[in-house]
Amino acid sequence: MKMESLKELFVEELQDLYSAETQITKALPKMAKAATSPALKDAFESHLEETREQIKRLDQIFESLGENSKGKTCEGMKGLLKEGDELMKEDADPEVMDAGLIAAAQRVEHYEMAGYGTVRTYAELLGEDDAVSLLETTLKEEKAADSKLSKVANKINVQANKAA
Ligand code: FE
Ligand code: ZN
Ligand code: FE
């Protein structure tokens with residue numbers, strides 16, 4: 001179908017994010033289980049709770065737009081999470097595995113930041129003010145999740161570097 005407006009692209013991008021977030025809620029519990037560092041497990045578990053709220057924010061936006069949340073599969077997220085799955089199948093020293101899990105998770109956060117930055121900007125242009133603030137809230141959470149992972153990585157990468 002021909003896309004004729006920024007509004008239609010906005011809805012498609014939101015559906016892509018909805019698919020991405022749904023996939024992430026299935027991946028984070030596996031990543032928390034695969035992690036050894038309590039700080040890393042905690043980071044994954046608390047971001048899972050945030051992700052559930054992010055899905056609710058998207059639901060709110062779809063509802064106010066009168067659009068369906070489903071209709072797209074985020075192939076980019078599928079690929080990123082597949083890489084994470086492959087990592088988790090490897091036999092690795094716990095610290096090295098944790099470092100790899102952080103690398104995978106930060107790719108996910110950056111991908112989400114790109115997506116939310118875009119839809120936040122579209123919402124501004126379209127005058128969808130409620131959507132702007134909901135999307136801004138989520139964008140801030142993604143940035144905070146990424147910073148938290150960087151902090152955990154500061155310790156874990158050093159430990160991984162010392163691993164036998
Ligand atoms: Fe998210
Ligand atoms: Zn996508
Ligand atoms: Fe996230």
# chains A, B, ... in the order shown; residues from 1 in each chain; ligands from 1
call {"tool": "residues_around", "arguments": {"residues": "A:Asn157", "least_positions_apart": "5", "cutoff": "10 Å", "atoms": "only C-alpha atoms", "output": "MDAnalysis selection string"}}
result
chainID A and resid 95:96 98:100 102 150 152 162:163
call {"tool": "write_last_selection", "arguments": {"atoms": "all heavy atoms", "output": "compact mmCIF listing (two decimals), in the first residue's frame"}}
result
# COMPACT_ATOMS: atom_id res chain seq x y z
N GLU A 95 32.51 -13.98 33.57
CA GLU A 95 32.76 -12.53 33.39
C GLU A 95 32.76 -12.16 31.90
O GLU A 95 32.34 -11.07 31.52
CB GLU A 95 34.09 -12.10 34.01
CG GLU A 95 34.09 -12.06 35.53
CD GLU A 95 34.46 -13.40 36.15
OE1 GLU A 95 34.70 -14.38 35.41
OE2 GLU A 95 34.49 -13.48 37.40
N VAL A 96 33.29 -13.08 31.10
CA VAL A 96 33.34 -12.82 29.66
C VAL A 96 31.91 -12.87 29.08
O VAL A 96 31.53 -12.02 28.25
CB VAL A 96 34.27 -13.83 28.94
CG1 VAL A 96 34.25 -13.64 27.44
CG2 VAL A 96 35.71 -13.71 29.48
N ASP A 98 29.20 -12.17 30.75
CA ASP A 98 28.54 -10.93 31.19
C ASP A 98 28.93 -9.75 30.29
O ASP A 98 28.08 -8.94 29.92
CB ASP A 98 28.90 -10.61 32.65
CG ASP A 98 28.09 -11.44 33.65
OD1 ASP A 98 27.23 -12.25 33.20
OD2 ASP A 98 28.32 -11.30 34.87
N ALA A 99 30.20 -9.66 29.97
CA ALA A 99 30.66 -8.56 29.09
C ALA A 99 29.95 -8.66 27.74
O ALA A 99 29.50 -7.65 27.18
CB ALA A 99 32.18 -8.62 28.92
N GLY A 100 29.81 -9.88 27.22
CA GLY A 100 29.13 -10.08 25.94
C GLY A 100 27.65 -9.74 26.02
O GLY A 100 27.07 -9.17 25.07
N ILE A 102 26.32 -7.53 27.97
CA ILE A 102 26.22 -6.06 27.98
C ILE A 102 26.37 -5.52 26.57
O ILE A 102 25.62 -4.62 26.15
CB ILE A 102 27.29 -5.44 28.92
CG1 ILE A 102 27.01 -5.82 30.38
CG2 ILE A 102 27.30 -3.91 28.77
CD1 ILE A 102 28.11 -5.42 31.35
N SER A 150 26.59 0.86 30.79
CA SER A 150 27.98 1.33 30.65
C SER A 150 28.69 1.31 32.00
O SER A 150 29.85 0.93 32.09
CB SER A 150 28.03 2.77 30.10
OG SER A 150 27.66 2.79 28.75
N VAL A 152 27.93 -0.65 34.62
CA VAL A 152 28.19 -2.04 35.00
C VAL A 152 29.36 -2.58 34.19
O VAL A 152 30.22 -3.31 34.70
CB VAL A 152 26.91 -2.90 34.79
CG1 VAL A 152 27.17 -4.36 35.16
CG2 VAL A 152 25.75 -2.37 35.63
N LYS A 162 40.63 -9.99 33.21
CA LYS A 162 41.48 -10.76 34.14
C LYS A 162 41.13 -12.23 34.16
O LYS A 162 41.80 -13.03 34.79
CB LYS A 162 41.31 -10.20 35.57
CG LYS A 162 41.99 -8.87 35.81
CD LYS A 162 41.77 -8.46 37.26
CE LYS A 162 42.11 -6.99 37.48
NZ LYS A 162 41.34 -6.42 38.60
N ALA A 163 40.00 -12.58 33.51
CA ALA A 163 39.52 -13.98 33.57
C ALA A 163 40.56 -14.92 32.98
O ALA A 163 41.23 -14.58 32.00
CB ALA A 163 38.20 -14.11 32.82
call {"tool": "select_by_dssp", "arguments": {"residues": "chain A", "states": "alpha helix (DSSP H)", "output": "count of residues only"}}
result
139
call {"tool": "residues_around", "arguments": {"residues": "A:Ala153", "least_positions_apart": "6", "cutoff": "12 Å", "atoms": "only C-alpha atoms", "output": "PDB file with all heavy atoms, in the first residue's frame"}}
result
ATOM      1  N   SER A  37      26.744 -11.623  37.205  1.00  0.00           N
ATOM      2  CA  SER A  37      26.863 -10.449  38.083  1.00  0.00           C
ATOM      3  C   SER A  37      25.490 -10.022  38.600  1.00  0.00           C
ATOM      4  O   SER A  37      24.564  -9.809  37.809  1.00  0.00           O
ATOM      5  CB  SER A  37      27.496  -9.295  37.282  1.00  0.00           C
ATOM      6  OG  SER A  37      27.010  -8.049  37.737  1.00  0.00           O
ATOM      7  N   ALA A  39      24.609  -7.192  39.747  1.00  0.00           N
ATOM      8  CA  ALA A  39      24.289  -5.850  39.235  1.00  0.00           C
ATOM      9  C   ALA A  39      23.727  -5.942  37.812  1.00  0.00           C
ATOM     10  O   ALA A  39      22.812  -5.193  37.448  1.00  0.00           O
ATOM     11  CB  ALA A  39      25.533  -4.969  39.254  1.00  0.00           C
ATOM     12  N   LEU A  40      24.277  -6.860  37.035  1.00  0.00           N
ATOM     13  CA  LEU A  40      23.800  -7.011  35.655  1.00  0.00           C
ATOM     14  C   LEU A  40      22.419  -7.670  35.614  1.00  0.00           C
ATOM     15  O   LEU A  40      21.530  -7.225  34.888  1.00  0.00           O
ATOM     16  CB  LEU A  40      24.822  -7.809  34.821  1.00  0.00           C
ATOM     17  CG  LEU A  40      24.500  -7.929  33.329  1.00  0.00           C
ATOM     18  CD1 LEU A  40      24.344  -6.562  32.673  1.00  0.00           C
ATOM     19  CD2 LEU A  40      25.584  -8.738  32.620  1.00  0.00           C
ATOM     20  N   ALA A  43      20.029  -5.066  36.503  1.00  0.00           N
ATOM     21  CA  ALA A  43      19.816  -4.108  35.405  1.00  0.00           C
ATOM     22  C   ALA A  43      18.837  -4.688  34.378  1.00  0.00           C
ATOM     23  O   ALA A  43      17.932  -3.992  33.911  1.00  0.00           O
ATOM     24  CB  ALA A  43      21.149  -3.763  34.727  1.00  0.00           C
ATOM     25  N   GLU A  95      32.511 -13.984  33.572  1.00  0.00           N
ATOM     26  CA  GLU A  95      32.756 -12.534  33.387  1.00  0.00           C
ATOM     27  C   GLU A  95      32.764 -12.161  31.895  1.00  0.00           C
ATOM     28  O   GLU A  95      32.338 -11.072  31.518  1.00  0.00           O
ATOM     29  CB  GLU A  95      34.091 -12.103  34.012  1.00  0.00           C
ATOM     30  CG  GLU A  95      34.088 -12.062  35.532  1.00  0.00           C
ATOM     31  CD  GLU A  95      34.459 -13.404  36.155  1.00  0.00           C
ATOM     32  OE1 GLU A  95      34.702 -14.382  35.406  1.00  0.00           O
ATOM     33  OE2 GLU A  95      34.492 -13.476  37.401  1.00  0.00           O
ATOM     34  N   VAL A  96      33.287 -13.082  31.104  1.00  0.00           N
ATOM     35  CA  VAL A  96      33.338 -12.820  29.657  1.00  0.00           C
ATOM     36  C   VAL A  96      31.913 -12.869  29.079  1.00  0.00           C
ATOM     37  O   VAL A  96      31.531 -12.024  28.252  1.00  0.00           O
ATOM     38  CB  VAL A  96      34.275 -13.835  28.944  1.00  0.00           C
ATOM     39  CG1 VAL A  96      34.247 -13.638  27.437  1.00  0.00           C
ATOM     40  CG2 VAL A  96      35.707 -13.707  29.483  1.00  0.00           C
ATOM     41  N   MET A  97      31.120 -13.839  29.556  1.00  0.00           N
ATOM     42  CA  MET A  97      29.715 -13.904  29.129  1.00  0.00           C
ATOM     43  C   MET A  97      28.984 -12.619  29.524  1.00  0.00           C
ATOM     44  O   MET A  97      28.238 -12.048  28.715  1.00  0.00           O
ATOM     45  CB  MET A  97      29.027 -15.134  29.760  1.00  0.00           C
ATOM     46  CG  MET A  97      27.546 -15.263  29.457  1.00  0.00           C
ATOM     47  SD  MET A  97      27.129 -15.365  27.687  1.00  0.00           S
ATOM     48  CE  MET A  97      27.626 -17.065  27.322  1.00  0.00           C
ATOM     49  N   ASP A  98      29.201 -12.166  30.751  1.00  0.00           N
ATOM     50  CA  ASP A  98      28.539 -10.930  31.191  1.00  0.00           C
ATOM     51  C   ASP A  98      28.930  -9.752  30.291  1.00  0.00           C
ATOM     52  O   ASP A  98      28.076  -8.940  29.918  1.00  0.00           O
ATOM     53  CB  ASP A  98      28.898 -10.612  32.650  1.00  0.00           C
ATOM     54  CG  ASP A  98      28.094 -11.443  33.651  1.00  0.00           C
ATOM     55  OD1 ASP A  98      27.232 -12.251  33.201  1.00  0.00           O
ATOM     56  OD2 ASP A  98      28.320 -11.295  34.866  1.00  0.00           O
ATOM     57  N   ALA A  99      30.205  -9.657  29.972  1.00  0.00           N
ATOM     58  CA  ALA A  99      30.659  -8.564  29.092  1.00  0.00           C
ATOM     59  C   ALA A  99      29.945  -8.664  27.736  1.00  0.00           C
ATOM     60  O   ALA A  99      29.502  -7.649  27.182  1.00  0.00           O
ATOM     61  CB  ALA A  99      32.180  -8.619  28.921  1.00  0.00           C
ATOM     62  N   GLY A 100      29.811  -9.883  27.224  1.00  0.00           N
ATOM     63  CA  GLY A 100      29.127 -10.080  25.938  1.00  0.00           C
ATOM     64  C   GLY A 100      27.645  -9.744  26.021  1.00  0.00           C
ATOM     65  O   GLY A 100      27.073  -9.173  25.075  1.00  0.00           O
ATOM     66  N   LEU A 101      27.024 -10.082  27.149  1.00  0.00           N
ATOM     67  CA  LEU A 101      25.601  -9.758  27.333  1.00  0.00           C
ATOM     68  C   LEU A 101      25.395  -8.245  27.347  1.00  0.00           C
ATOM     69  O   LEU A 101      24.410  -7.738  26.793  1.00  0.00           O
ATOM     70  CB  LEU A 101      25.072 -10.372  28.642  1.00  0.00           C
ATOM     71  CG  LEU A 101      24.925 -11.895  28.658  1.00  0.00           C
ATOM     72  CD1 LEU A 101      24.691 -12.384  30.097  1.00  0.00           C
ATOM     73  CD2 LEU A 101      23.792 -12.364  27.751  1.00  0.00           C
ATOM     74  N   ILE A 102      26.320  -7.532  27.973  1.00  0.00           N
ATOM     75  CA  ILE A 102      26.222  -6.062  27.984  1.00  0.00           C
ATOM     76  C   ILE A 102      26.371  -5.517  26.569  1.00  0.00           C
ATOM     77  O   ILE A 102      25.625  -4.621  26.151  1.00  0.00           O
ATOM     78  CB  ILE A 102      27.289  -5.437  28.918  1.00  0.00           C
ATOM     79  CG1 ILE A 102      27.007  -5.821  30.378  1.00  0.00           C
ATOM     80  CG2 ILE A 102      27.303  -3.912  28.773  1.00  0.00           C
ATOM     81  CD1 ILE A 102      28.110  -5.423  31.348  1.00  0.00           C
ATOM     82  N   ALA A 103      27.293  -6.064  25.823  1.00  0.00           N
ATOM     83  CA  ALA A 103      27.498  -5.608  24.436  1.00  0.00           C
ATOM     84  C   ALA A 103      26.215  -5.792  23.628  1.00  0.00           C
ATOM     85  O   ALA A 103      25.791  -4.896  22.890  1.00  0.00           O
ATOM     86  CB  ALA A 103      28.652  -6.375  23.795  1.00  0.00           C
ATOM     87  N   ALA A 104      25.582  -6.956  23.803  1.00  0.00           N
ATOM     88  CA  ALA A 104      24.334  -7.245  23.071  1.00  0.00           C
ATOM     89  C   ALA A 104      23.228  -6.293  23.526  1.00  0.00           C
ATOM     90  O   ALA A 104      22.479  -5.741  22.709  1.00  0.00           O
ATOM     91  CB  ALA A 104      23.927  -8.699  23.305  1.00  0.00           C
ATOM     92  N   ALA A 105      23.125  -6.091  24.837  1.00  0.00           N
ATOM     93  CA  ALA A 105      22.052  -5.253  25.376  1.00  0.00           C
ATOM     94  C   ALA A 105      22.231  -3.790  24.965  1.00  0.00           C
ATOM     95  O   ALA A 105      21.244  -3.097  24.693  1.00  0.00           O
ATOM     96  CB  ALA A 105      22.020  -5.369  26.903  1.00  0.00           C
ATOM     97  N   GLN A 106      23.461  -3.317  24.918  1.00  0.00           N
ATOM     98  CA  GLN A 106      23.664  -1.912  24.521  1.00  0.00           C
ATOM     99  C   GLN A 106      23.332  -1.686  23.056  1.00  0.00           C
ATOM    100  O   GLN A 106      22.841  -0.620  22.684  1.00  0.00           O
ATOM    101  CB  GLN A 106      25.086  -1.448  24.871  1.00  0.00           C
ATOM    102  CG  GLN A 106      25.213  -1.267  26.387  1.00  0.00           C
ATOM    103  CD  GLN A 106      26.436  -0.464  26.776  1.00  0.00           C
ATOM    104  OE1 GLN A 106      27.558  -0.954  26.680  1.00  0.00           O
ATOM    105  NE2 GLN A 106      26.235   0.761  27.216  1.00  0.00           N
ATOM    106  N   ASP A 146      20.907   2.459  29.000  1.00  0.00           N
ATOM    107  CA  ASP A 146      22.201   2.359  28.324  1.00  0.00           C
ATOM    108  C   ASP A 146      23.334   2.848  29.238  1.00  0.00           C
ATOM    109  O   ASP A 146      24.379   2.201  29.341  1.00  0.00           O
ATOM    110  CB  ASP A 146      22.148   3.177  27.026  1.00  0.00           C
ATOM    111  CG  ASP A 146      23.463   3.134  26.281  1.00  0.00           C
ATOM    112  OD1 ASP A 146      23.893   2.021  25.912  1.00  0.00           O
ATOM    113  OD2 ASP A 146      24.076   4.196  26.074  1.00  0.00           O
ATOM    114  N   SER A 147      23.110   3.984  29.929  1.00  0.00           N
ATOM    115  CA  SER A 147      24.147   4.521  30.834  1.00  0.00           C
ATOM    116  C   SER A 147      24.427   3.557  31.980  1.00  0.00           C
ATOM    117  O   SER A 147      25.576   3.376  32.386  1.00  0.00           O
ATOM    118  CB  SER A 147      23.708   5.848  31.446  1.00  0.00           C
ATOM    119  OG  SER A 147      23.431   6.767  30.455  1.00  0.00           O
ATOM    120  N   GLN A 159      37.026  -7.172  34.884  1.00  0.00           N
ATOM    121  CA  GLN A 159      37.054  -8.543  35.409  1.00  0.00           C
ATOM    122  C   GLN A 159      37.204  -9.556  34.272  1.00  0.00           C
ATOM    123  O   GLN A 159      37.927 -10.536  34.402  1.00  0.00           O
ATOM    124  CB  GLN A 159      35.761  -8.835  36.190  1.00  0.00           C
ATOM    125  CG  GLN A 159      35.689  -8.091  37.514  1.00  0.00           C
ATOM    126  CD  GLN A 159      34.291  -8.129  38.119  1.00  0.00           C
ATOM    127  OE1 GLN A 159      33.335  -8.611  37.519  1.00  0.00           O
ATOM    128  NE2 GLN A 159      34.170  -7.597  39.331  1.00  0.00           N
ATOM    129  N   ALA A 160      36.520  -9.299  33.167  1.00  0.00           N
ATOM    130  CA  ALA A 160      36.610 -10.210  32.014  1.00  0.00           C
ATOM    131  C   ALA A 160      38.026 -10.237  31.483  1.00  0.00           C
ATOM    132  O   ALA A 160      38.522 -11.290  31.036  1.00  0.00           O
ATOM    133  CB  ALA A 160      35.635  -9.765  30.926  1.00  0.00           C
ATOM    134  N   ASN A 161      38.683  -9.098  31.557  1.00  0.00           N
ATOM    135  CA  ASN A 161      40.048  -9.001  31.061  1.00  0.00           C
ATOM    136  C   ASN A 161      41.017  -9.777  31.938  1.00  0.00           C
ATOM    137  O   ASN A 161      42.084 -10.202  31.497  1.00  0.00           O
ATOM    138  CB  ASN A 161      40.460  -7.521  30.983  1.00  0.00           C
ATOM    139  CG  ASN A 161      41.741  -7.315  30.221  1.00  0.00           C
ATOM    140  OD1 ASN A 161      42.056  -8.077  29.303  1.00  0.00           O
ATOM    141  ND2 ASN A 161      42.488  -6.292  30.591  1.00  0.00           N
TER     142      ASN A 161
END
call {"tool": "closest_residue", "arguments": {"among": "A:Tyr18, A:Tyr111, A:Phe10, A:Phe44", "to": "A:Ala131", "atoms": "only C-alpha atoms"}}
result
A:Phe10
call {"tool": "closest_atom_pairs", "arguments": {"of": "chain A", "to": "ligand 1", "cutoff": "7 Å", "atoms": "only C-alpha atoms and all ligand atoms", "output": "JSON lines"}}
result
{"residue": "A:Glu21", "atom": "CA", "partner": "ligand 1", "partner_atom_place_in_ligand_line": "1 (Fe)", "distance": 5.3}
{"residue": "A:Thr51", "atom": "CA", "partner": "ligand 1", "partner_atom_place_in_ligand_line": "1 (Fe)", "distance": 5.0}
{"residue": "A:Gln54", "atom": "CA", "partner": "ligand 1", "partner_atom_place_in_ligand_line": "1 (Fe)", "distance": 6.1}
{"residue": "A:Glu112", "atom": "CA", "partner": "ligand 1", "partner_atom_place_in_ligand_line": "1 (Fe)", "distance": 6.1}
{"residue": "A:Thr138", "atom": "CA", "partner": "ligand 1", "partner_atom_place_in_ligand_line": "1 (Fe)", "distance": 7.0}
{"residue": "A:Glu142", "atom": "CA", "partner": "ligand 1", "partner_atom_place_in_ligand_line": "1 (Fe)", "distance": 6.1}
call {"tool": "residues_near_ligand", "arguments": {"ligand": "ligand 2", "cutoff": "10 Å", "atoms": "only C-alpha atoms and all ligand atoms", "output": "list in words"}}
result
Glu12, Glu13, Leu14, Gln15, Asp16, Leu17, Tyr18, Ser19, Ala20, Glu21, Lys72, Thr73, Cys74, Glu75, Gly76, Met77, Lys78, Gly79, Tyr111, Glu112, Ala114 and Gly115 of chain A
call {"tool": "write_last_selection", "arguments": {"atoms": "N, CA, C and O atoms", "output": "short mmCIF file (atom, residue, chain, number, x, y, z; two decimals), in the first residue's frame"}}
result
data_model
loop_
_atom_site.label_atom_id
_atom_site.label_comp_id
_atom_site.auth_asym_id
_atom_site.auth_seq_id
_atom_site.Cartn_x
_atom_site.Cartn_y
_atom_site.Cartn_z
N GLU A 12 3.55 3.32 11.23
CA GLU A 12 4.38 2.15 10.92
C GLU A 12 5.61 2.06 11.82
O GLU A 12 5.99 0.98 12.26
N GLU A 13 6.22 3.21 12.07
CA GLU A 13 7.40 3.22 12.95
C GLU A 13 7.00 2.84 14.38
O GLU A 13 7.75 2.17 15.08
N LEU A 14 5.83 3.29 14.80
CA LEU A 14 5.34 2.91 16.13
C LEU A 14 5.06 1.41 16.20
O LEU A 14 5.34 0.77 17.22
N GLN A 15 4.52 0.85 15.14
CA GLN A 15 4.26 -0.59 15.10
C GLN A 15 5.57 -1.38 15.14
O GLN A 15 5.67 -2.44 15.77
N ASP A 16 6.58 -0.84 14.47
CA ASP A 16 7.90 -1.47 14.49
C ASP A 16 8.44 -1.48 15.92
O ASP A 16 8.96 -2.49 16.40
N LEU A 17 8.29 -0.35 16.62
CA LEU A 17 8.75 -0.27 18.01
C LEU A 17 7.94 -1.20 18.91
O LEU A 17 8.49 -1.80 19.84
N TYR A 18 6.66 -1.30 18.63
CA TYR A 18 5.81 -2.19 19.43
C TYR A 18 6.30 -3.63 19.32
O TYR A 18 6.41 -4.35 20.30
N SER A 19 6.60 -4.02 18.09
CA SER A 19 7.14 -5.35 17.84
C SER A 19 8.49 -5.52 18.53
O SER A 19 8.76 -6.55 19.18
N ALA A 20 9.35 -4.50 18.43
CA ALA A 20 10.67 -4.57 19.07
C ALA A 20 10.52 -4.76 20.57
O ALA A 20 11.15 -5.64 21.16
N GLU A 21 9.67 -3.94 21.20
CA GLU A 21 9.50 -4.01 22.66
C GLU A 21 8.94 -5.37 23.09
O GLU A 21 9.36 -5.92 24.11
N LYS A 72 3.41 -5.15 12.17
CA LYS A 72 4.80 -5.17 11.72
C LYS A 72 5.64 -6.07 12.59
O LYS A 72 5.37 -6.24 13.78
N THR A 73 6.66 -6.67 11.98
CA THR A 73 7.66 -7.38 12.77
C THR A 73 8.95 -6.58 12.65
O THR A 73 9.35 -6.24 11.53
N CYS A 74 9.55 -6.25 13.77
CA CYS A 74 10.81 -5.52 13.71
C CYS A 74 11.93 -6.52 13.42
O CYS A 74 12.39 -7.24 14.31
N GLU A 75 12.33 -6.57 12.16
CA GLU A 75 13.37 -7.52 11.74
C GLU A 75 14.74 -7.14 12.31
O GLU A 75 15.58 -8.00 12.56
N GLY A 76 14.93 -5.83 12.51
CA GLY A 76 16.20 -5.37 13.09
C GLY A 76 16.38 -5.92 14.50
O GLY A 76 17.43 -6.47 14.84
N MET A 77 15.31 -5.82 15.32
CA MET A 77 15.39 -6.33 16.69
C MET A 77 15.52 -7.85 16.69
O MET A 77 16.24 -8.41 17.51
N LYS A 78 14.83 -8.48 15.76
CA LYS A 78 14.91 -9.93 15.64
C LYS A 78 16.37 -10.35 15.45
O LYS A 78 16.85 -11.29 16.07
N GLY A 79 17.06 -9.62 14.57
CA GLY A 79 18.47 -9.91 14.29
C GLY A 79 19.35 -9.65 15.49
O GLY A 79 20.22 -10.47 15.82
N TYR A 111 19.54 0.88 19.37
CA TYR A 111 18.56 0.71 18.29
C TYR A 111 17.23 1.33 18.70
O TYR A 111 16.58 2.02 17.92
N GLU A 112 16.84 1.09 19.94
CA GLU A 112 15.59 1.68 20.44
C GLU A 112 15.69 3.20 20.51
O GLU A 112 14.72 3.91 20.20
N ALA A 114 17.37 5.18 18.65
CA ALA A 114 17.20 5.71 17.28
C ALA A 114 15.72 5.74 16.91
O ALA A 114 15.22 6.73 16.38
N GLY A 115 15.03 4.64 17.21
CA GLY A 115 13.61 4.56 16.86
C GLY A 115 12.76 5.56 17.61
O GLY A 115 11.92 6.25 17.01
#
call {"tool": "atom_distance", "arguments": {"atom1": "atom CA of A:Gly127", "atom2": "atom CA of A:Lys70"}}
result
23.0 Å
call {"tool": "closest_residue", "arguments": {"among": "A:Ser64, A:Thr36, A:Asn154, A:Thr137", "to": "ligand 3", "atoms": "only C-alpha atoms and all ligand atoms"}}
result
A:Thr137
call {"tool": "atom_distance", "arguments": {"atom1": "atom CA of A:Arg57", "atom2": "atom CA of A:Met1"}}
result
27.0 Å
call {"tool": "closest_residue", "arguments": {"among": "A:Val108, A:Ala35, A:Met88, A:Ile61", "to": "A:Leu135", "atoms": "only C-alpha atoms"}}
result
A:Ile61
call {"tool": "atom_distance", "arguments": {"atom1": "atom CA of A:Glu67", "atom2": "atom CA of A:Gly117"}}
result
20.5 Å
call {"tool": "closest_residue", "arguments": {"among": "A:Ser69, A:Gln60, A:Thr22, A:Ser5", "to": "ligand 3", "atoms": "only C-alpha atoms and all ligand atoms"}}
result
A:Thr22
call {"tool": "closest_residue", "arguments": {"among": "A:Met113, A:Met3, A:Leu80, A:Ala34", "to": "ligand 3", "atoms": "only C-alpha atoms and all ligand atoms"}}
result
A:Met113
call {"tool": "closest_residue", "arguments": {"among": "A:His110, A:Met31, A:Lys7, A:Glu83", "to": "ligand 3", "atoms": "only C-alpha atoms and all ligand atoms"}}
result
A:His110
call {"tool": "decode", "arguments": {"residues": "stretch 15-65 of chain A", "atoms": "C-alpha atoms", "output": "PDB file, in the first residue's frame"}}
result
ATOM      1  CA  GLN A  15       4.258  -0.595  15.100  1.00  0.00           C
ATOM      2  CA  ASP A  16       7.897  -1.466  14.493  1.00  0.00           C
ATOM      3  CA  LEU A  17       8.750  -0.272  18.008  1.00  0.00           C
ATOM      4  CA  TYR A  18       5.812  -2.186  19.433  1.00  0.00           C
ATOM      5  CA  SER A  19       7.142  -5.352  17.844  1.00  0.00           C
ATOM      6  CA  ALA A  20      10.668  -4.575  19.066  1.00  0.00           C
ATOM      7  CA  GLU A  21       9.498  -4.010  22.655  1.00  0.00           C
ATOM      8  CA  THR A  22       7.434  -7.191  22.643  1.00  0.00           C
ATOM      9  CA  GLN A  23      10.453  -9.183  21.495  1.00  0.00           C
ATOM     10  CA  ILE A  24      12.596  -7.548  24.204  1.00  0.00           C
ATOM     11  CA  THR A  25      10.200  -8.629  26.979  1.00  0.00           C
ATOM     12  CA  LYS A  26      10.829 -12.223  25.896  1.00  0.00           C
ATOM     13  CA  ALA A  27      14.609 -11.811  25.650  1.00  0.00           C
ATOM     14  CA  LEU A  28      15.361  -9.955  28.904  1.00  0.00           C
ATOM     15  CA  PRO A  29      14.399 -12.814  31.262  1.00  0.00           C
ATOM     16  CA  LYS A  30      16.764 -15.119  29.341  1.00  0.00           C
ATOM     17  CA  MET A  31      19.528 -12.535  29.527  1.00  0.00           C
ATOM     18  CA  ALA A  32      18.977 -12.042  33.272  1.00  0.00           C
ATOM     19  CA  LYS A  33      19.237 -15.801  33.723  1.00  0.00           C
ATOM     20  CA  ALA A  34      22.418 -15.999  31.652  1.00  0.00           C
ATOM     21  CA  ALA A  35      24.066 -13.163  33.625  1.00  0.00           C
ATOM     22  CA  THR A  36      26.209 -13.927  36.664  1.00  0.00           C
ATOM     23  CA  SER A  37      26.863 -10.449  38.083  1.00  0.00           C
ATOM     24  CA  PRO A  38      24.055  -9.466  40.485  1.00  0.00           C
ATOM     25  CA  ALA A  39      24.289  -5.850  39.235  1.00  0.00           C
ATOM     26  CA  LEU A  40      23.800  -7.011  35.655  1.00  0.00           C
ATOM     27  CA  LYS A  41      20.923  -9.357  36.543  1.00  0.00           C
ATOM     28  CA  ASP A  42      19.321  -6.457  38.374  1.00  0.00           C
ATOM     29  CA  ALA A  43      19.816  -4.108  35.405  1.00  0.00           C
ATOM     30  CA  PHE A  44      18.084  -6.589  33.081  1.00  0.00           C
ATOM     31  CA  GLU A  45      15.244  -7.274  35.517  1.00  0.00           C
ATOM     32  CA  SER A  46      14.530  -3.620  36.203  1.00  0.00           C
ATOM     33  CA  HIS A  47      14.636  -2.811  32.496  1.00  0.00           C
ATOM     34  CA  LEU A  48      12.121  -5.608  31.910  1.00  0.00           C
ATOM     35  CA  GLU A  49       9.707  -3.804  34.236  1.00  0.00           C
ATOM     36  CA  GLU A  50      10.366  -0.530  32.399  1.00  0.00           C
ATOM     37  CA  THR A  51       9.856  -2.231  29.046  1.00  0.00           C
ATOM     38  CA  ARG A  52       6.404  -3.430  30.130  1.00  0.00           C
ATOM     39  CA  GLU A  53       5.525   0.196  30.929  1.00  0.00           C
ATOM     40  CA  GLN A  54       6.918   1.292  27.571  1.00  0.00           C
ATOM     41  CA  ILE A  55       4.538  -1.118  25.840  1.00  0.00           C
ATOM     42  CA  LYS A  56       1.666   0.401  27.828  1.00  0.00           C
ATOM     43  CA  ARG A  57       2.719   3.872  26.629  1.00  0.00           C
ATOM     44  CA  LEU A  58       2.662   2.651  23.036  1.00  0.00           C
ATOM     45  CA  ASP A  59      -0.770   1.099  23.660  1.00  0.00           C
ATOM     46  CA  GLN A  60      -1.973   4.510  24.868  1.00  0.00           C
ATOM     47  CA  ILE A  61      -0.673   6.189  21.712  1.00  0.00           C
ATOM     48  CA  PHE A  62      -2.288   3.610  19.412  1.00  0.00           C
ATOM     49  CA  GLU A  63      -5.530   4.014  21.272  1.00  0.00           C
ATOM     50  CA  SER A  64      -5.566   7.790  20.914  1.00  0.00           C
ATOM     51  CA  LEU A  65      -4.635   7.498  17.224  1.00  0.00           C
TER      52      LEU A  65
END
